[in-house]
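Q: The file below is entry04.txt, compact mmCIF, C-alpha atoms:
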# COMPACT_ATOMS: atom_id res chain seq x y z
CA MET V 1 14.10 -1.27 -22.71
CA ALA V 2 11.21 -2.91 -24.55
CA GLN V 3 12.31 -6.33 -23.29
CA TYR V 4 12.37 -5.06 -19.70
CA TRP V 5 8.85 -3.68 -20.13
CA GLN V 6 7.58 -6.96 -21.55
CA GLU V 7 9.05 -8.89 -18.62
CA ILE V 8 7.62 -6.45 -16.07
CA MET V 9 4.15 -6.67 -17.57
CA ALA V 10 4.37 -10.47 -17.80
CA VAL V 11 5.13 -10.74 -14.07
CA ALA V 12 2.39 -8.25 -13.18
CA GLN V 13 -0.12 -10.05 -15.42
CA ARG V 14 0.71 -13.42 -13.87
CA ILE V 15 0.15 -12.12 -10.33
CA LEU V 16 -3.09 -10.33 -11.23
CA LEU V 17 -4.44 -13.35 -13.12
CA GLU V 18 -3.72 -15.55 -10.12
CA LEU V 19 -5.62 -13.12 -7.90
CA LEU V 20 -8.49 -13.04 -10.36
CA ARG V 21 -8.70 -16.82 -10.34
CA ARG V 22 -8.79 -16.89 -6.54
CA ARG V 23 -11.08 -13.82 -6.43
CA ARG V 24 -11.41 -13.84 -2.65
CA SER V 25 -8.51 -11.46 -2.01
CA LEU V 26 -9.78 -8.97 -4.59
CA ILE V 27 -13.31 -9.15 -3.15
CA PHE V 28 -12.05 -8.57 0.38
CA TRP V 29 -9.83 -5.68 -0.78
CA ALA V 30 -12.95 -4.09 -2.27
CA ILE V 31 -15.18 -4.77 0.75
CA PHE V 32 -12.69 -3.53 3.34
CA PRO V 33 -12.32 0.11 2.16
CA THR V 34 -16.04 0.32 1.40
CA LEU V 35 -17.08 -0.75 4.90
CA LEU V 36 -14.40 1.41 6.51
CA LEU V 37 -15.51 4.42 4.48
CA PHE V 38 -19.10 4.06 5.67
CA LEU V 39 -18.08 3.40 9.29
CA ASN V 40 -15.70 6.36 9.46
CA GLY V 41 -18.19 8.55 7.64
CA SER V 42 -21.03 7.63 9.98
CA ILE V 43 -18.97 8.19 13.12
CA THR V 44 -17.59 11.51 11.86
CA ALA V 45 -21.02 12.72 10.78
CA GLU V 46 -22.48 11.92 14.20
CA ARG V 47 -19.64 13.28 16.33
CA ALA V 48 -18.98 16.43 14.29
CA GLN V 49 -22.66 17.09 13.45
CA LEU V 50 -21.99 17.01 9.71
CA GLU V 51 -23.99 15.87 6.73
CA PHE V 52 -22.93 12.40 5.63
CA ALA V 53 -21.56 13.72 2.32
CA ASP V 54 -19.46 16.32 4.17
CA ALA V 55 -18.17 13.61 6.50
CA LEU V 56 -17.11 11.52 3.51
CA GLU V 57 -15.02 14.42 2.26
CA VAL V 58 -13.09 14.28 5.53
CA VAL V 59 -12.68 10.52 5.88
CA ALA V 60 -12.20 9.35 2.28
CA PRO V 61 -8.50 10.34 1.95
CA PRO V 62 -7.27 8.73 5.21
CA THR V 63 -9.48 5.69 4.62
CA LEU V 64 -7.79 5.13 1.27
CA VAL V 65 -4.10 5.84 1.88
CA GLY V 66 -4.08 5.14 5.60
CA ALA V 67 -5.92 1.83 5.67
CA ALA V 68 -6.94 0.37 2.28
CA LEU V 69 -3.56 0.74 0.57
CA PHE V 70 -1.74 -0.42 3.69
CA PHE V 71 -3.33 -3.85 3.67
CA SER V 72 -3.47 -4.36 -0.10
CA CYS V 73 -0.07 -2.95 -1.11
CA LEU V 74 2.04 -3.58 1.99
CA GLY V 75 0.31 -6.72 3.26
CA GLY V 76 -0.25 -7.95 -0.28
CA SER V 77 3.38 -7.55 -1.32
CA VAL V 78 4.57 -9.33 1.85
CA ALA V 79 2.19 -12.20 1.12
CA THR V 80 3.30 -12.36 -2.53
CA VAL V 81 7.00 -12.55 -1.68
CA VAL V 82 6.44 -15.24 0.96
CA ALA V 83 4.16 -17.29 -1.31
CA GLU V 84 6.63 -17.10 -4.20
CA ARG V 85 9.35 -18.38 -1.90
CA GLU V 86 7.22 -21.19 -0.43
CA GLN V 87 6.04 -22.34 -3.86
CA ASN V 88 9.65 -22.35 -5.14
CA THR V 89 8.67 -19.85 -7.83
CA LEU V 90 11.88 -17.94 -7.19
CA LYS V 91 14.02 -21.00 -7.82
CA ARG V 92 12.22 -21.63 -11.11
CA LEU V 93 12.76 -18.00 -12.11
CA PHE V 94 16.50 -18.41 -11.55
CA LEU V 95 16.48 -20.92 -14.44
CA SER V 96 14.65 -18.51 -16.77
CA PRO V 97 16.06 -15.48 -18.63
CA LEU V 98 13.86 -13.18 -16.51
CA ARG V 99 15.85 -10.33 -14.97
CA GLY V 100 15.62 -9.66 -11.26
CA VAL V 101 14.70 -6.00 -11.72
CA SER V 102 11.83 -7.02 -14.00
CA TYR V 103 10.48 -9.39 -11.36
CA PHE V 104 10.71 -6.71 -8.65
CA LEU V 105 9.03 -4.03 -10.78
CA GLY V 106 6.41 -6.51 -11.98
CA ILE V 107 5.23 -7.05 -8.40
CA VAL V 108 5.26 -3.26 -7.89
CA VAL V 109 3.06 -2.79 -10.98
CA ALA V 110 0.64 -5.57 -9.94
CA HIS V 111 0.01 -4.12 -6.49
CA SER V 112 -0.10 -0.60 -7.91
CA ALA V 113 -2.97 -1.72 -10.14
CA ILE V 114 -4.81 -3.04 -7.07
CA GLY V 115 -4.18 0.21 -5.19
CA VAL V 116 -5.42 2.33 -8.09
CA GLY V 117 -8.55 0.20 -8.24
CA GLN V 118 -9.20 0.80 -4.55
CA ALA V 119 -8.68 4.54 -5.03
CA LEU V 120 -11.23 4.62 -7.84
CA LEU V 121 -13.69 2.65 -5.70
CA VAL V 122 -13.38 4.86 -2.60
CA PHE V 123 -13.65 8.17 -4.42
CA ALA V 124 -16.40 6.93 -6.74
CA ILE V 125 -18.55 5.98 -3.73
CA ALA V 126 -17.85 9.30 -2.03
CA LEU V 127 -18.68 11.30 -5.16
CA ILE V 128 -21.87 9.33 -5.84
CA LEU V 129 -23.04 10.05 -2.28
CA GLY V 130 -22.56 13.80 -2.72
CA ALA V 131 -19.02 14.49 -1.53
CA THR V 132 -17.03 17.13 -3.36
CA PHE V 133 -13.26 17.45 -3.58
CA PRO V 134 -12.23 20.91 -4.82
CA GLY V 135 -8.50 20.21 -4.69
CA SER V 136 -6.02 19.15 -7.35
CA TRP V 137 -6.70 15.67 -8.72
CA PRO V 138 -3.26 15.39 -10.42
CA LEU V 139 -1.57 16.05 -7.08
CA ALA V 140 -3.90 13.55 -5.43
CA VAL V 141 -2.91 10.90 -8.00
CA LEU V 142 0.75 11.64 -7.32
CA ILE V 143 0.26 11.20 -3.55
CA ILE V 144 -1.59 7.93 -4.08
CA LEU V 145 1.16 6.58 -6.35
CA LEU V 146 3.89 7.65 -3.90
CA SER V 147 1.97 5.96 -1.09
CA ILE V 148 1.69 2.75 -3.12
CA LEU V 149 5.44 2.78 -3.86
CA ALA V 150 6.22 3.35 -0.18
CA TYR V 151 3.96 0.50 0.95
CA VAL V 152 5.27 -1.96 -1.65
CA GLY V 153 8.86 -1.07 -0.77
CA VAL V 154 8.22 -1.65 2.93
CA GLY V 155 6.40 -4.87 2.02
CA PHE V 156 9.47 -6.16 0.19
CA ILE V 157 11.68 -5.34 3.18
CA LEU V 158 9.38 -7.16 5.61
CA GLY V 159 8.69 -10.06 3.26
CA THR V 160 12.31 -10.72 2.39
CA GLN V 161 13.88 -10.11 5.79
CA PHE V 162 11.34 -11.12 8.44
CA ALA V 163 8.62 -13.38 7.02
CA ARG V 164 9.59 -16.98 6.32
CA ARG V 165 6.21 -18.73 6.18
CA THR V 166 2.67 -17.75 5.18
CA GLU V 167 1.52 -17.78 8.80
CA ASP V 168 4.09 -15.09 9.59
CA VAL V 169 2.39 -12.56 7.34
CA ASN V 170 -0.66 -11.65 9.43
CA ALA V 171 1.28 -11.40 12.68
CA LEU V 172 4.00 -9.32 11.05
CA VAL V 173 1.62 -6.90 9.34
CA ALA V 174 -0.51 -6.52 12.47
CA ALA V 175 2.40 -5.98 14.85
CA PHE V 176 4.15 -3.58 12.52
CA GLY V 177 1.21 -1.78 10.98
CA VAL V 178 -1.74 -1.34 13.32
CA PRO V 179 0.02 1.06 15.74
CA LEU V 180 1.28 3.08 12.77
CA LEU V 181 -2.21 3.17 11.25
CA ILE V 182 -3.71 4.55 14.46
CA LEU V 183 -0.89 7.05 14.88
CA GLY V 184 -1.21 8.03 11.22
CA GLY V 185 -4.86 9.05 11.49
CA ALA V 186 -6.33 6.17 9.48
CA PHE V 187 -9.03 5.37 12.04
CA MET V 188 -9.38 8.64 13.97
CA PRO V 189 -8.64 12.25 13.04
CA THR V 190 -5.23 13.58 14.03
CA SER V 191 -6.91 16.80 15.16
CA ILE V 192 -7.88 15.08 18.43
CA PHE V 193 -4.34 13.85 19.14
CA PRO V 194 -2.51 15.36 22.13
CA ASP V 195 0.66 17.31 21.32
CA SER V 196 2.88 14.44 22.45
CA LEU V 197 1.30 12.07 19.92
CA LEU V 198 1.37 14.70 17.17
CA ASN V 199 5.09 15.18 17.67
CA LEU V 200 5.57 11.42 17.44
CA ALA V 201 3.28 11.15 14.42
CA ARG V 202 5.55 13.45 12.40
CA TYR V 203 7.99 10.55 12.11
CA ASN V 204 5.26 8.25 10.83
CA PRO V 205 5.02 8.09 7.00
CA ILE V 206 1.33 7.11 7.17
CA PHE V 207 0.63 10.40 8.96
CA HIS V 208 2.18 12.30 6.05
CA MET V 209 0.21 10.22 3.52
CA THR V 210 -3.14 10.93 5.18
CA GLU V 211 -2.37 14.59 5.84
CA ALA V 212 -1.05 15.22 2.32
CA LEU V 213 -4.05 13.67 0.57
CA THR V 214 -6.56 15.27 2.95
CA LEU V 215 -5.06 18.74 2.48
CA VAL V 216 -4.67 18.44 -1.29
CA MET V 217 -8.24 17.20 -1.79
CA ALA V 218 -9.46 20.14 0.28
CA GLY V 219 -7.52 22.56 -1.93
CA GLU V 220 -4.90 23.41 0.70
CA PRO V 221 -1.08 23.30 0.41
CA ALA V 222 0.68 20.16 1.58
CA GLY V 223 4.28 20.78 0.57
CA GLU V 224 5.90 19.59 3.79
CA HIS V 225 3.98 16.31 3.82
CA MET V 226 4.56 15.67 0.11
CA GLY V 227 8.28 16.32 0.49
CA PHE V 228 8.52 13.77 3.31
CA LEU V 229 6.42 11.25 1.39
CA GLY V 230 8.48 11.64 -1.80
CA GLY V 231 11.77 11.09 0.02
CA PHE V 232 10.41 8.16 2.02
CA SER V 233 8.94 6.47 -1.08
CA LEU V 234 12.24 6.68 -2.93
CA LEU V 235 14.13 5.34 0.09
CA MET V 236 11.72 2.40 0.50
CA VAL V 237 11.84 1.44 -3.19
CA VAL V 238 15.66 1.40 -3.16
CA THR V 239 15.82 -0.44 0.17
CA GLY V 240 13.15 -2.90 -0.94
CA TRP V 241 15.11 -3.64 -4.11
CA LEU V 242 18.32 -4.21 -2.11
CA SER V 243 16.42 -6.49 0.30
CA TYR V 244 15.07 -8.45 -2.65
CA ARG V 245 18.58 -8.88 -4.11
CA ARG V 246 19.82 -10.12 -0.74
CA MET V 247 17.00 -12.67 -0.61
CA VAL V 248 17.83 -13.83 -4.14
CA ARG V 249 21.47 -14.42 -3.18
CA LEU V 250 20.38 -16.44 -0.16
CA GLU V 251 17.89 -18.47 -2.19
CA ARG V 252 20.53 -19.34 -4.76
CA THR V 253 22.72 -20.87 -2.07
CA LEU V 254 19.94 -23.13 -0.70
Rewrite the structure from the file as structure tokens, please.
A:
Amino acid sequence: MAQYWQEIMAVAQRILLELLRRRRSLIFWAIFPTLLLFLNGSITAERAQLEFADALEVVAPPTLVGAALFFSCLGGSVATVVAEREQNTLKRLFLSPLRGVSYFLGIVVAHSAIGVGQALLVFAIALILGATFPGSWPLAVLIILLSILAYVGVGFILGTQFARRTEDVNALVAAFGVPLLILGGAFMPTSIFPDSLLNLARYNPIFHMTEALTLVMAGEPAGEHMGFLGGFSLLMVVTGWLSYRRMVRLERTL
């Protein structure tokens, strides 16, 4: 078990160090949720006639799990898988004693660290500007971690099955994700959705992420949404791992 943990942390450390050396991705992943938080907060404050701090209480949860984590954890994991394939990193790993499960979980840990950093950034800004969140922080952490697992799992599926080159990543993430983000309430509150869209949104995991975190941070129950999110996260991690193994088998034959 200790050897697995060492391999997982080595993979995660390598990916994070590479991002730190490039810096641009990390900077953009910090700028994006910050700007979106202020934009959503300003619009909500104006339209709902709220104080800016009160508006941040409403928009911080969907801004984080609906938008920030989507691009960093889902888009980032797709980009990582594609880059590793293009740079022949996978083929070099086949010659090393590194286990496949350690490589998979190492990428999960690396992008989880990025997602946690974004969560700390978003809520720190909101709290500094006067927002209050009377709900359960342990439950909020659980929802954030489940959301990260779901996004990384989906990212592995897309990266291993549909993206072949770096230029495929942006088109794939945009085509797949932007409609789900809108339908999930990342950019506009689901309270203004017509019934037809609400019924459709119930099949959208991003909707359950945003609703679960919003309700929990407001101190309200979110059992239905958390149940859906937990099941979906587990399914995506298992499916992502199977997709990764399929990609490894294909790569070995090339």
Q: State, in Å with one decimal place, the distance from atom CA of Ile125 of chain V to atom CA of Asn204 of chain V.
A: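 According to the coordinates, atom CA of Ile125 of chain V and atom CA of Asn204 of chain V are separated by 28.0 Å.
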Q: Using all atoms listed in the file, can you tell me which of V:Leu17, V:Val248, V:Cys73, V:Val122 comes closest to Leu35 of chain V?
A: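 Of all the options, V:Val122 lies closest to Leu35 of chain V.
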Q: Show me, as a short mmCIF file (atom, residue, chain, number, x, y, z; two decimals) with C-alpha atoms, keeping the file's coordinate frame, the residues that have an atom within 12 Å of Asp54 of chain V when counting only C-alpha atoms, minus same-chain residues fewer than 4 positions from it.
A:
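New file part_25.cif:
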data_model
loop_
_atom_site.label_atom_id
_atom_site.label_comp_id
_atom_site.auth_asym_id
_atom_site.auth_seq_id
_atom_site.Cartn_x
_atom_site.Cartn_y
_atom_site.Cartn_z
CA ASN V 40 -15.70 6.36 9.46
CA GLY V 41 -18.19 8.55 7.64
CA SER V 42 -21.03 7.63 9.98
CA THR V 44 -17.59 11.51 11.86
CA ALA V 45 -21.02 12.72 10.78
CA GLU V 46 -22.48 11.92 14.20
CA ALA V 48 -18.98 16.43 14.29
CA GLN V 49 -22.66 17.09 13.45
CA LEU V 50 -21.99 17.01 9.71
CA VAL V 58 -13.09 14.28 5.53
CA VAL V 59 -12.68 10.52 5.88
CA ALA V 60 -12.20 9.35 2.28
CA ALA V 126 -17.85 9.30 -2.03
CA LEU V 127 -18.68 11.30 -5.16
CA LEU V 129 -23.04 10.05 -2.28
CA GLY V 130 -22.56 13.80 -2.72
CA ALA V 131 -19.02 14.49 -1.53
CA THR V 132 -17.03 17.13 -3.36
CA PHE V 133 -13.26 17.45 -3.58
CA ALA V 218 -9.46 20.14 0.28
#
Q: Figure out the distance between atom CA of Ala113 of chain V and atom CA of Ala53 of chain V, please, to one decimal in Å.
A: 27.2 Å
Q: I'd like the neighbourhood of Leu36 of chain V as a tab-separated table (two decimals) with C-alpha atoms, in the coordinates of the input, where a residue qualifies if any of its atoms comes within 9 Å (using all atoms listed in the file), though same-chain residues fewer than 3 positions away should be ignored.
A:
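Once written, out29.tsv looks like this:
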chain	number	residue	atom	x	y	z
V	31	ILE	CA	-15.18	-4.77	0.75
V	32	PHE	CA	-12.69	-3.53	3.34
V	33	PRO	CA	-12.32	0.11	2.16
V	39	LEU	CA	-18.08	3.40	9.29
V	40	ASN	CA	-15.70	6.36	9.46
V	41	GLY	CA	-18.19	8.55	7.64
V	63	THR	CA	-9.48	5.69	4.62
V	67	ALA	CA	-5.92	1.83	5.67
V	68	ALA	CA	-6.94	0.37	2.28
V	187	PHE	CA	-9.03	5.37	12.04
Q: What's the separation between atom CA of Phe207 of chain V and atom CA of Ile43 of chain V, in Å to one decimal place?
A: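 So the answer is 20.2 Å.
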Q: Quick one: everything within 8 Å of Ala186 of chain V, counting only C-alpha atoms, minus sequence neighbours fewer than 5 positions away in the same chain. Send it as a PyMOL selection string.
A: chain V and resi 62-63+65-67+181+210
Q: Pick from V:Ala150, V:Leu37, V:Pro221, V:Glu18: nearest to Phe123 of chain V, with only C-alpha atoms counted?
A: V:Leu37
Q: Of the residues V:Asn88, V:Phe176, V:Ile206, V:Val216, which is the one nearest to Phe162 of chain V, using all atoms listed in the file?
A: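 Among the listed residues, V:Phe176 lies closest to Phe162 of chain V.
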Q: Wanna dump the segment 109-160 of chain V-segment 75-87 of chain V contacts at 10 Å for me, each residue with its shortest atom pair and the distance in Å to one decimal, counting only C-alpha atoms, ordered by chain and number, as CSV?
A:
residue,atom,partner,partner_atom,distance
V:Ala110,CA,V:Ser77,CA,9.3
V:His111,CA,V:Ser77,CA,7.1
V:Ile114,CA,V:Gly76,CA,9.5
V:Tyr151,CA,V:Ser77,CA,8.4
V:Val152,CA,V:Ser77,CA,5.9
V:Gly153,CA,V:Ser77,CA,8.5
V:Val154,CA,V:Val78,CA,8.6
V:Gly155,CA,V:Val78,CA,4.8
V:Phe156,CA,V:Val78,CA,6.1
V:Ile157,CA,V:Val78,CA,8.3
V:Leu158,CA,V:Val78,CA,6.5
V:Gly159,CA,V:Val78,CA,4.4
V:Thr160,CA,V:Val81,CA,6.9
Q: Which residue gives the smallest distance to Arg246 of chain V among V:Glu224, V:Gln161, V:Val169, V:Met188, with all atoms listed in the file counted?
A: V:Gln161
Q: Neighbouring residues of Met1 of chain V were defined as those with any atom within 12 Å, considering only C-alpha atoms; residues of the same chain fewer than 5 positions away were excluded. Please report them as a VMD selection string.
A: chain V and resid 6 to 8 101 to 102
Q: I'd like to know which of V:Val109, V:Leu149, V:Ala140, V:Leu64 is closest to Trp5 of chain V, using only C-alpha atoms.
A: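 Nearest candidate to Trp5 of chain V out of V:Val109, V:Leu149, V:Ala140, V:Leu64: V:Val109.
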Q: Identify, on the basis of only C-alpha atoms, every residue whose closest approach to Gly219 of chain V does not exceed 9 Å; exclude the query and any residue fewer than 5 positions from it along the same chain; express the result as a VMD selection string.
A: chain V and resid 133 to 136 214
Q: Taking every listed atom of segment 36-43 of chain V and adding 8 Å to each side, what centre and edge lengths in Å (one decimal) does the axis-aligned box have, as JSON?
A:
{"center_x": -17.7, "center_y": 5.0, "center_z": 8.8, "size_x": 22.6, "size_y": 23.1, "size_z": 24.6}
